[in-house]
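For reference, my_file_2.cif (mmCIF, N, CA and C atoms and all ligand atoms):
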data_entry
#
loop_
_atom_site.label_atom_id
_atom_site.label_comp_id
_atom_site.auth_asym_id
_atom_site.auth_seq_id
_atom_site.Cartn_x
_atom_site.Cartn_y
_atom_site.Cartn_z
N MET A 1 96.22 -34.85 118.83
CA MET A 1 95.87 -34.28 120.11
C MET A 1 95.59 -35.39 121.10
N ARG A 2 95.73 -35.05 122.36
CA ARG A 2 95.54 -36.04 123.41
C ARG A 2 94.38 -35.63 124.30
N ASN A 3 93.50 -36.57 124.54
CA ASN A 3 92.39 -36.35 125.44
C ASN A 3 92.56 -37.24 126.65
N TYR A 4 92.28 -36.66 127.81
CA TYR A 4 92.48 -37.37 129.07
C TYR A 4 91.15 -37.62 129.75
N THR A 5 91.15 -38.54 130.70
CA THR A 5 89.92 -38.89 131.40
C THR A 5 89.48 -37.79 132.36
N ASP A 6 90.43 -36.94 132.79
CA ASP A 6 90.07 -35.85 133.69
C ASP A 6 90.91 -34.63 133.37
N GLU A 7 90.57 -33.51 133.95
CA GLU A 7 91.26 -32.25 133.63
C GLU A 7 92.69 -32.20 134.14
N ARG A 8 93.03 -33.03 135.11
CA ARG A 8 94.41 -33.03 135.62
C ARG A 8 95.34 -33.87 134.75
N LYS A 9 94.80 -34.41 133.65
CA LYS A 9 95.58 -35.17 132.67
C LYS A 9 96.33 -36.35 133.31
N LYS A 10 95.64 -37.04 134.22
CA LYS A 10 96.27 -38.18 134.89
C LYS A 10 96.29 -39.41 134.00
N GLU A 11 95.16 -39.65 133.30
CA GLU A 11 95.10 -40.87 132.50
C GLU A 11 94.67 -40.54 131.07
N LEU A 12 95.48 -41.02 130.12
CA LEU A 12 95.20 -40.78 128.71
C LEU A 12 93.96 -41.58 128.28
N ARG A 13 93.02 -40.93 127.62
CA ARG A 13 91.80 -41.60 127.14
C ARG A 13 91.93 -41.97 125.66
N GLU A 14 92.47 -41.04 124.86
CA GLU A 14 92.61 -41.29 123.43
C GLU A 14 93.62 -40.33 122.83
N VAL A 15 94.17 -40.74 121.68
CA VAL A 15 95.05 -39.88 120.90
C VAL A 15 94.41 -39.75 119.53
N ILE A 16 94.31 -38.53 119.04
CA ILE A 16 93.75 -38.27 117.72
C ILE A 16 94.84 -37.70 116.84
N CYS A 17 95.06 -38.31 115.68
CA CYS A 17 96.06 -37.81 114.74
C CYS A 17 95.62 -36.43 114.25
N ASN A 18 96.47 -35.43 114.44
CA ASN A 18 96.12 -34.07 114.02
C ASN A 18 96.02 -33.95 112.49
N GLN A 19 96.68 -34.83 111.75
CA GLN A 19 96.66 -34.74 110.29
C GLN A 19 95.40 -35.36 109.70
N CYS A 20 95.09 -36.61 110.06
CA CYS A 20 93.99 -37.33 109.39
C CYS A 20 92.76 -37.53 110.28
N GLY A 21 92.89 -37.29 111.58
CA GLY A 21 91.75 -37.41 112.48
C GLY A 21 91.51 -38.82 113.00
N ARG A 22 92.36 -39.77 112.63
CA ARG A 22 92.20 -41.14 113.13
C ARG A 22 92.34 -41.14 114.65
N THR A 23 91.46 -41.89 115.30
CA THR A 23 91.43 -41.92 116.77
C THR A 23 91.97 -43.24 117.29
N PHE A 24 92.81 -43.16 118.30
CA PHE A 24 93.39 -44.35 118.94
C PHE A 24 92.96 -44.34 120.40
N GLN A 25 92.18 -45.33 120.79
CA GLN A 25 91.71 -45.42 122.17
C GLN A 25 92.81 -45.97 123.06
N ALA A 26 92.88 -45.43 124.25
CA ALA A 26 93.86 -45.92 125.22
C ALA A 26 93.21 -46.97 126.11
N GLU A 27 94.00 -47.94 126.51
CA GLU A 27 93.56 -48.93 127.49
C GLU A 27 94.41 -48.74 128.73
N ASN A 28 93.78 -48.43 129.84
CA ASN A 28 94.49 -48.14 131.08
C ASN A 28 95.57 -47.07 130.89
N GLY A 29 95.25 -46.06 130.09
CA GLY A 29 96.15 -44.94 129.89
C GLY A 29 97.23 -45.17 128.85
N ILE A 30 97.18 -46.32 128.15
CA ILE A 30 98.23 -46.63 127.18
C ILE A 30 97.60 -46.87 125.81
N VAL A 31 98.14 -46.18 124.79
CA VAL A 31 97.72 -46.41 123.40
C VAL A 31 98.63 -47.48 122.83
N LYS A 32 98.02 -48.56 122.33
CA LYS A 32 98.82 -49.70 121.89
C LYS A 32 99.15 -49.67 120.40
N GLU A 33 99.03 -48.50 119.77
CA GLU A 33 99.52 -48.32 118.40
C GLU A 33 100.51 -47.17 118.43
N ASP A 34 101.39 -47.15 117.45
CA ASP A 34 102.44 -46.16 117.48
C ASP A 34 101.93 -44.81 116.97
N CYS A 35 101.93 -43.84 117.86
CA CYS A 35 101.59 -42.46 117.51
C CYS A 35 102.80 -41.61 117.88
N ILE A 36 103.06 -40.62 117.08
CA ILE A 36 104.21 -39.76 117.33
C ILE A 36 103.71 -38.47 117.98
N HIS A 37 104.20 -38.19 119.18
CA HIS A 37 103.81 -36.98 119.89
C HIS A 37 104.91 -35.95 119.74
N MET A 38 104.54 -34.75 119.33
CA MET A 38 105.52 -33.70 119.11
C MET A 38 105.26 -32.55 120.08
N ASP A 39 106.30 -32.12 120.78
CA ASP A 39 106.28 -30.93 121.63
C ASP A 39 107.33 -29.98 121.07
N ILE A 40 106.89 -28.85 120.59
CA ILE A 40 107.82 -27.89 120.00
C ILE A 40 107.78 -26.60 120.80
N VAL A 41 108.94 -26.18 121.25
CA VAL A 41 109.07 -24.91 121.97
C VAL A 41 109.80 -23.96 121.03
N PHE A 42 109.12 -22.87 120.67
CA PHE A 42 109.73 -21.92 119.74
C PHE A 42 110.60 -20.94 120.51
N GLY A 43 111.79 -20.74 120.00
CA GLY A 43 112.77 -19.90 120.68
C GLY A 43 112.70 -18.44 120.28
N TYR A 44 113.63 -17.70 120.82
CA TYR A 44 113.66 -16.24 120.72
C TYR A 44 113.67 -15.73 119.28
N PHE A 45 114.38 -16.38 118.38
CA PHE A 45 114.53 -15.87 117.02
C PHE A 45 113.43 -16.35 116.08
N ASN A 46 112.48 -17.07 116.60
CA ASN A 46 111.37 -17.56 115.79
C ASN A 46 110.20 -16.59 115.86
N SER A 47 109.44 -16.51 114.77
CA SER A 47 108.27 -15.61 114.77
C SER A 47 107.21 -16.06 115.78
N ARG A 48 107.29 -17.31 116.23
CA ARG A 48 106.35 -17.83 117.24
C ARG A 48 106.99 -17.82 118.63
N ASP A 49 107.95 -16.96 118.83
CA ASP A 49 108.68 -16.89 120.11
C ASP A 49 107.71 -16.89 121.29
N GLY A 50 107.99 -17.76 122.24
CA GLY A 50 107.15 -17.84 123.44
C GLY A 50 105.99 -18.79 123.31
N MET A 51 105.84 -19.41 122.14
CA MET A 51 104.74 -20.33 121.91
C MET A 51 105.24 -21.77 122.00
N ASN A 52 104.35 -22.65 122.42
CA ASN A 52 104.60 -24.09 122.36
C ASN A 52 103.55 -24.70 121.45
N HIS A 53 103.95 -25.65 120.64
CA HIS A 53 103.00 -26.42 119.83
C HIS A 53 103.06 -27.88 120.26
N HIS A 54 101.92 -28.51 120.39
CA HIS A 54 101.84 -29.92 120.73
C HIS A 54 100.90 -30.56 119.72
N PHE A 55 101.32 -31.67 119.14
CA PHE A 55 100.43 -32.40 118.24
C PHE A 55 100.87 -33.85 118.15
N ASP A 56 99.94 -34.66 117.62
CA ASP A 56 100.19 -36.10 117.47
C ASP A 56 99.94 -36.50 116.02
N LEU A 57 100.73 -37.43 115.56
CA LEU A 57 100.55 -37.98 114.22
C LEU A 57 100.51 -39.50 114.31
N CYS A 58 99.65 -40.11 113.50
CA CYS A 58 99.69 -41.57 113.40
C CYS A 58 100.92 -41.94 112.58
N GLU A 59 101.27 -43.21 112.58
CA GLU A 59 102.49 -43.62 111.90
C GLU A 59 102.41 -43.34 110.40
N ALA A 60 101.23 -43.56 109.79
CA ALA A 60 101.08 -43.34 108.34
C ALA A 60 101.28 -41.86 107.99
N CYS A 61 100.73 -40.97 108.80
CA CYS A 61 100.88 -39.53 108.52
C CYS A 61 102.32 -39.08 108.77
N TYR A 62 102.97 -39.66 109.77
CA TYR A 62 104.37 -39.34 110.01
C TYR A 62 105.22 -39.75 108.82
N GLU A 63 104.98 -40.97 108.31
CA GLU A 63 105.73 -41.45 107.14
C GLU A 63 105.52 -40.54 105.94
N LYS A 64 104.25 -40.12 105.72
CA LYS A 64 103.94 -39.23 104.61
C LYS A 64 104.68 -37.90 104.76
N MET A 65 104.74 -37.39 105.99
CA MET A 65 105.40 -36.10 106.25
C MET A 65 106.89 -36.20 105.95
N ILE A 66 107.55 -37.25 106.46
CA ILE A 66 109.02 -37.30 106.29
C ILE A 66 109.41 -37.67 104.86
N ARG A 67 108.50 -38.36 104.13
CA ARG A 67 108.80 -38.66 102.72
C ARG A 67 108.81 -37.38 101.88
N ALA A 68 108.15 -36.33 102.35
CA ALA A 68 108.10 -35.06 101.62
C ALA A 68 109.37 -34.22 101.85
N PHE A 69 110.23 -34.65 102.79
CA PHE A 69 111.45 -33.89 103.06
C PHE A 69 112.40 -33.98 101.87
N ARG A 70 113.06 -32.89 101.53
CA ARG A 70 114.08 -32.90 100.48
C ARG A 70 115.31 -33.70 100.95
N ILE A 71 115.64 -33.55 102.22
CA ILE A 71 116.77 -34.29 102.80
C ILE A 71 116.18 -35.30 103.78
N PRO A 72 116.50 -36.57 103.62
CA PRO A 72 115.92 -37.58 104.51
C PRO A 72 116.28 -37.35 105.97
N VAL A 73 115.44 -37.86 106.86
CA VAL A 73 115.72 -37.75 108.29
C VAL A 73 116.99 -38.54 108.62
N THR A 74 117.66 -38.14 109.67
CA THR A 74 118.80 -38.90 110.17
C THR A 74 118.23 -40.06 110.98
N GLU A 75 118.65 -41.27 110.64
CA GLU A 75 118.09 -42.45 111.26
C GLU A 75 119.17 -43.21 111.99
N GLU A 76 118.90 -43.57 113.23
CA GLU A 76 119.82 -44.37 114.02
C GLU A 76 119.01 -45.46 114.71
N GLU A 77 119.62 -46.58 114.94
CA GLU A 77 118.93 -47.67 115.62
C GLU A 77 118.93 -47.41 117.13
N GLU A 78 117.77 -47.55 117.75
CA GLU A 78 117.63 -47.37 119.20
C GLU A 78 117.83 -48.71 119.88
N THR A 79 118.75 -48.77 120.83
CA THR A 79 119.01 -50.05 121.47
C THR A 79 118.14 -50.26 122.71
N GLU A 80 117.64 -49.17 123.30
CA GLU A 80 116.79 -49.29 124.47
C GLU A 80 115.43 -48.73 124.14
N LEU A 81 114.47 -49.62 123.87
CA LEU A 81 113.12 -49.19 123.54
C LEU A 81 112.34 -48.92 124.80
N LEU A 82 111.52 -47.85 124.74
CA LEU A 82 110.69 -47.49 125.90
C LEU A 82 109.43 -48.31 125.93
ZN ZN B 101 97.11 -39.71 110.64
#
Represent the structure from my file as C-alpha cells, please.
Ligand SMILES: [Zn+2]
Amino acid sequence: MRNYTDERKKELREVICNQCGRTFQAENGIVKEDCIHMDIVFGYFNSRDGMNHHFDLCEACYEKMIRAFRIPVTEEEETELL
C-alpha cells in the first residue's frame, strides 16, 4: 500500500509491502528500493467486475510469488529503464 503526505496524493511518504508489511520510506517522494506496484482492473467476465485492486510487494515477496507459479513468467530485457 502507498501512503502519501497529503490527501491529494501529491507526494509519496512510504510504501508498505502488502504481503510482509515491510515499510519503505520515501525521500522527496521517491522510494529508493525496488517495490512492485500492481493496479488490477477486473473486467466484465470476472466475478470482481467493476472493481480495481491496488497493492505493493517488496522484491522478496514478488520473487516468492512468481516462484510459486507452475509456468514461469515471461521475461524480457528492458532497454529503457525508468
Ligand atoms: Zn514483502
Between atom N of A:Gly43 and atom N of A:Asp56, distance in Å (one decimal): 18.4 Å
Assign secondary structure with DSSP using the backbone only, and return the residues of chain A in alpha helix (DSSP H) as an mmCIF file with N, CA and C atoms, in the frame of the given file.
data_model
loop_
_atom_site.group_PDB
_atom_site.id
_atom_site.type_symbol
_atom_site.label_atom_id
_atom_site.label_comp_id
_atom_site.auth_asym_id
_atom_site.auth_seq_id
_atom_site.Cartn_x
_atom_site.Cartn_y
_atom_site.Cartn_z
ATOM 1 N N GLU A 59 101.270 -43.210 112.580
ATOM 2 C CA GLU A 59 102.490 -43.620 111.900
ATOM 3 C C GLU A 59 102.410 -43.340 110.400
ATOM 4 N N ALA A 60 101.230 -43.560 109.790
ATOM 5 C CA ALA A 60 101.080 -43.340 108.340
ATOM 6 C C ALA A 60 101.280 -41.860 107.990
ATOM 7 N N CYS A 61 100.730 -40.970 108.800
ATOM 8 C CA CYS A 61 100.880 -39.530 108.520
ATOM 9 C C CYS A 61 102.320 -39.080 108.770
ATOM 10 N N TYR A 62 102.970 -39.660 109.770
ATOM 11 C CA TYR A 62 104.370 -39.340 110.010
ATOM 12 C C TYR A 62 105.220 -39.750 108.820
ATOM 13 N N GLU A 63 104.980 -40.970 108.310
ATOM 14 C CA GLU A 63 105.730 -41.450 107.140
ATOM 15 C C GLU A 63 105.520 -40.540 105.940
ATOM 16 N N LYS A 64 104.250 -40.120 105.720
ATOM 17 C CA LYS A 64 103.940 -39.230 104.610
ATOM 18 C C LYS A 64 104.680 -37.900 104.760
ATOM 19 N N MET A 65 104.740 -37.390 105.990
ATOM 20 C CA MET A 65 105.400 -36.100 106.250
ATOM 21 C C MET A 65 106.890 -36.200 105.950
ATOM 22 N N ILE A 66 107.550 -37.250 106.460
ATOM 23 C CA ILE A 66 109.020 -37.300 106.290
ATOM 24 C C ILE A 66 109.410 -37.670 104.860
ATOM 25 N N ARG A 67 108.500 -38.360 104.130
ATOM 26 C CA ARG A 67 108.800 -38.660 102.720
ATOM 27 C C ARG A 67 108.810 -37.380 101.880
#
Considering only N, CA and C atoms, return as an MDAnalysis selection string whatever protein or nucleic-acid residues lie within 6.5 Å of A:Val15, sequence-local ones (same chain, fewer than 4 positions apart) excluded. chainID A and resid 1:3 22:26
Around ligand ZN 101 (chain B), at most 6.5 Å away and counting all atoms listed in the file, which residues are there? Put them as a CSV table (one decimal) with N, CA and C atoms, in the coordinates of the input, please.
chain,number,residue,atom,x,y,z
A,17,CYS,N,95.1,-38.3,115.7
A,17,CYS,CA,96.1,-37.8,114.7
A,17,CYS,C,95.6,-36.4,114.2
A,18,ASN,N,96.5,-35.4,114.4
A,18,ASN,CA,96.1,-34.1,114.0
A,18,ASN,C,96.0,-34.0,112.5
A,19,GLN,N,96.7,-34.8,111.8
A,19,GLN,CA,96.7,-34.7,110.3
A,19,GLN,C,95.4,-35.4,109.7
A,20,CYS,N,95.1,-36.6,110.1
A,20,CYS,CA,94.0,-37.3,109.4
A,20,CYS,C,92.8,-37.5,110.3
A,21,GLY,N,92.9,-37.3,111.6
A,21,GLY,CA,91.8,-37.4,112.5
A,21,GLY,C,91.5,-38.8,113.0
A,22,ARG,N,92.4,-39.8,112.6
A,22,ARG,CA,92.2,-41.1,113.1
A,22,ARG,C,92.3,-41.1,114.6
A,57,LEU,N,100.7,-37.4,115.6
A,57,LEU,CA,100.6,-38.0,114.2
A,57,LEU,C,100.5,-39.5,114.3
A,58,CYS,N,99.6,-40.1,113.5
A,58,CYS,CA,99.7,-41.6,113.4
A,58,CYS,C,100.9,-41.9,112.6
A,59,GLU,N,101.3,-43.2,112.6
A,59,GLU,CA,102.5,-43.6,111.9
A,59,GLU,C,102.4,-43.3,110.4
A,60,ALA,N,101.2,-43.6,109.8
A,60,ALA,CA,101.1,-43.3,108.3
A,60,ALA,C,101.3,-41.9,108.0
A,61,CYS,N,100.7,-41.0,108.8
A,61,CYS,CA,100.9,-39.5,108.5
A,61,CYS,C,102.3,-39.1,108.8
A,62,TYR,N,103.0,-39.7,109.8
A,62,TYR,CA,104.4,-39.3,110.0
A,62,TYR,C,105.2,-39.8,108.8
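Here atom CA of A:Met65 and atom CA of A:Ile30 stand 24.5 Å from one another.
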Expressed in Å, the length from atom CA of A:Ile36 to atom CA of A:Arg48 is 22.0 Å
Please report, as a PDB file with N, CA and C atoms, in the frame of the given file, each residue of stretch 10-76 of chain A to which DSSP assigns strand (DSSP E) when run on this structure's backbone.
ATOM      1  N   LEU A  12      95.480 -41.020 130.120  1.00  0.00           N
ATOM      2  CA  LEU A  12      95.200 -40.780 128.710  1.00  0.00           C
ATOM      3  C   LEU A  12      93.960 -41.580 128.280  1.00  0.00           C
ATOM      4  N   ARG A  13      93.020 -40.930 127.620  1.00  0.00           N
ATOM      5  CA  ARG A  13      91.800 -41.600 127.140  1.00  0.00           C
ATOM      6  C   ARG A  13      91.930 -41.970 125.660  1.00  0.00           C
ATOM      7  N   GLU A  14      92.470 -41.040 124.860  1.00  0.00           N
ATOM      8  CA  GLU A  14      92.610 -41.290 123.430  1.00  0.00           C
ATOM      9  C   GLU A  14      93.620 -40.330 122.830  1.00  0.00           C
ATOM     10  N   VAL A  15      94.170 -40.740 121.680  1.00  0.00           N
ATOM     11  CA  VAL A  15      95.050 -39.880 120.900  1.00  0.00           C
ATOM     12  C   VAL A  15      94.410 -39.750 119.530  1.00  0.00           C
ATOM     13  N   ILE A  16      94.310 -38.530 119.040  1.00  0.00           N
ATOM     14  CA  ILE A  16      93.750 -38.270 117.720  1.00  0.00           C
ATOM     15  C   ILE A  16      94.840 -37.700 116.840  1.00  0.00           C
ATOM     16  N   THR A  23      91.460 -41.890 115.300  1.00  0.00           N
ATOM     17  CA  THR A  23      91.430 -41.920 116.770  1.00  0.00           C
ATOM     18  C   THR A  23      91.970 -43.240 117.290  1.00  0.00           C
ATOM     19  N   PHE A  24      92.810 -43.160 118.300  1.00  0.00           N
ATOM     20  CA  PHE A  24      93.390 -44.350 118.940  1.00  0.00           C
ATOM     21  C   PHE A  24      92.960 -44.340 120.400  1.00  0.00           C
ATOM     22  N   GLN A  25      92.180 -45.330 120.790  1.00  0.00           N
ATOM     23  CA  GLN A  25      91.710 -45.420 122.170  1.00  0.00           C
ATOM     24  C   GLN A  25      92.810 -45.970 123.060  1.00  0.00           C
ATOM     25  N   ALA A  26      92.880 -45.430 124.250  1.00  0.00           N
ATOM     26  CA  ALA A  26      93.860 -45.920 125.220  1.00  0.00           C
ATOM     27  C   ALA A  26      93.210 -46.970 126.110  1.00  0.00           C
ATOM     28  N   GLU A  27      94.000 -47.940 126.510  1.00  0.00           N
ATOM     29  CA  GLU A  27      93.560 -48.930 127.490  1.00  0.00           C
ATOM     30  C   GLU A  27      94.410 -48.740 128.730  1.00  0.00           C
ATOM     31  N   ILE A  30      97.180 -46.320 128.150  1.00  0.00           N
ATOM     32  CA  ILE A  30      98.230 -46.630 127.180  1.00  0.00           C
ATOM     33  C   ILE A  30      97.600 -46.870 125.810  1.00  0.00           C
ATOM     34  N   VAL A  31      98.140 -46.180 124.790  1.00  0.00           N
ATOM     35  CA  VAL A  31      97.720 -46.410 123.400  1.00  0.00           C
ATOM     36  C   VAL A  31      98.630 -47.480 122.830  1.00  0.00           C
ATOM     37  N   CYS A  35     101.930 -43.840 117.860  1.00  0.00           N
ATOM     38  CA  CYS A  35     101.590 -42.460 117.510  1.00  0.00           C
ATOM     39  C   CYS A  35     102.800 -41.610 117.880  1.00  0.00           C
ATOM     40  N   ILE A  36     103.060 -40.620 117.080  1.00  0.00           N
ATOM     41  CA  ILE A  36     104.210 -39.760 117.330  1.00  0.00           C
ATOM     42  C   ILE A  36     103.710 -38.470 117.980  1.00  0.00           C
ATOM     43  N   HIS A  37     104.200 -38.190 119.180  1.00  0.00           N
ATOM     44  CA  HIS A  37     103.810 -36.980 119.890  1.00  0.00           C
ATOM     45  C   HIS A  37     104.910 -35.950 119.740  1.00  0.00           C
ATOM     46  N   MET A  38     104.540 -34.750 119.330  1.00  0.00           N
ATOM     47  CA  MET A  38     105.520 -33.700 119.110  1.00  0.00           C
ATOM     48  C   MET A  38     105.260 -32.550 120.080  1.00  0.00           C
ATOM     49  N   ASP A  39     106.300 -32.120 120.780  1.00  0.00           N
ATOM     50  CA  ASP A  39     106.280 -30.930 121.630  1.00  0.00           C
ATOM     51  C   ASP A  39     107.330 -29.980 121.070  1.00  0.00           C
ATOM     52  N   ILE A  40     106.890 -28.850 120.590  1.00  0.00           N
ATOM     53  CA  ILE A  40     107.820 -27.890 120.000  1.00  0.00           C
ATOM     54  C   ILE A  40     107.780 -26.600 120.800  1.00  0.00           C
ATOM     55  N   VAL A  41     108.940 -26.180 121.250  1.00  0.00           N
ATOM     56  CA  VAL A  41     109.070 -24.910 121.970  1.00  0.00           C
ATOM     57  C   VAL A  41     109.800 -23.960 121.030  1.00  0.00           C
ATOM     58  N   ASN A  52     104.350 -22.650 122.420  1.00  0.00           N
ATOM     59  CA  ASN A  52     104.600 -24.090 122.360  1.00  0.00           C
ATOM     60  C   ASN A  52     103.550 -24.700 121.450  1.00  0.00           C
ATOM     61  N   HIS A  53     103.950 -25.650 120.640  1.00  0.00           N
ATOM     62  CA  HIS A  53     103.000 -26.420 119.830  1.00  0.00           C
ATOM     63  C   HIS A  53     103.060 -27.880 120.260  1.00  0.00           C
ATOM     64  N   HIS A  54     101.920 -28.510 120.390  1.00  0.00           N
ATOM     65  CA  HIS A  54     101.840 -29.920 120.730  1.00  0.00           C
ATOM     66  C   HIS A  54     100.900 -30.560 119.720  1.00  0.00           C
ATOM     67  N   PHE A  55     101.320 -31.670 119.140  1.00  0.00           N
ATOM     68  CA  PHE A  55     100.430 -32.400 118.240  1.00  0.00           C
ATOM     69  C   PHE A  55     100.870 -33.850 118.150  1.00  0.00           C
ATOM     70  N   ASP A  56      99.940 -34.660 117.620  1.00  0.00           N
ATOM     71  CA  ASP A  56     100.190 -36.100 117.470  1.00  0.00           C
ATOM     72  C   ASP A  56      99.940 -36.500 116.020  1.00  0.00           C
ATOM     73  N   LEU A  57     100.730 -37.430 115.560  1.00  0.00           N
ATOM     74  CA  LEU A  57     100.550 -37.980 114.220  1.00  0.00           C
ATOM     75  C   LEU A  57     100.510 -39.500 114.310  1.00  0.00           C
ATOM     76  N   CYS A  58      99.650 -40.110 113.500  1.00  0.00           N
ATOM     77  CA  CYS A  58      99.690 -41.570 113.400  1.00  0.00           C
ATOM     78  C   CYS A  58     100.920 -41.940 112.580  1.00  0.00           C
TER      79      CYS A  58
END
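With distances taken over only C-alpha atoms, A:Asp34 is the one residue among A:Glu14, A:Glu78, A:Asp34, A:Asp6 lying closest to A:Glu63.
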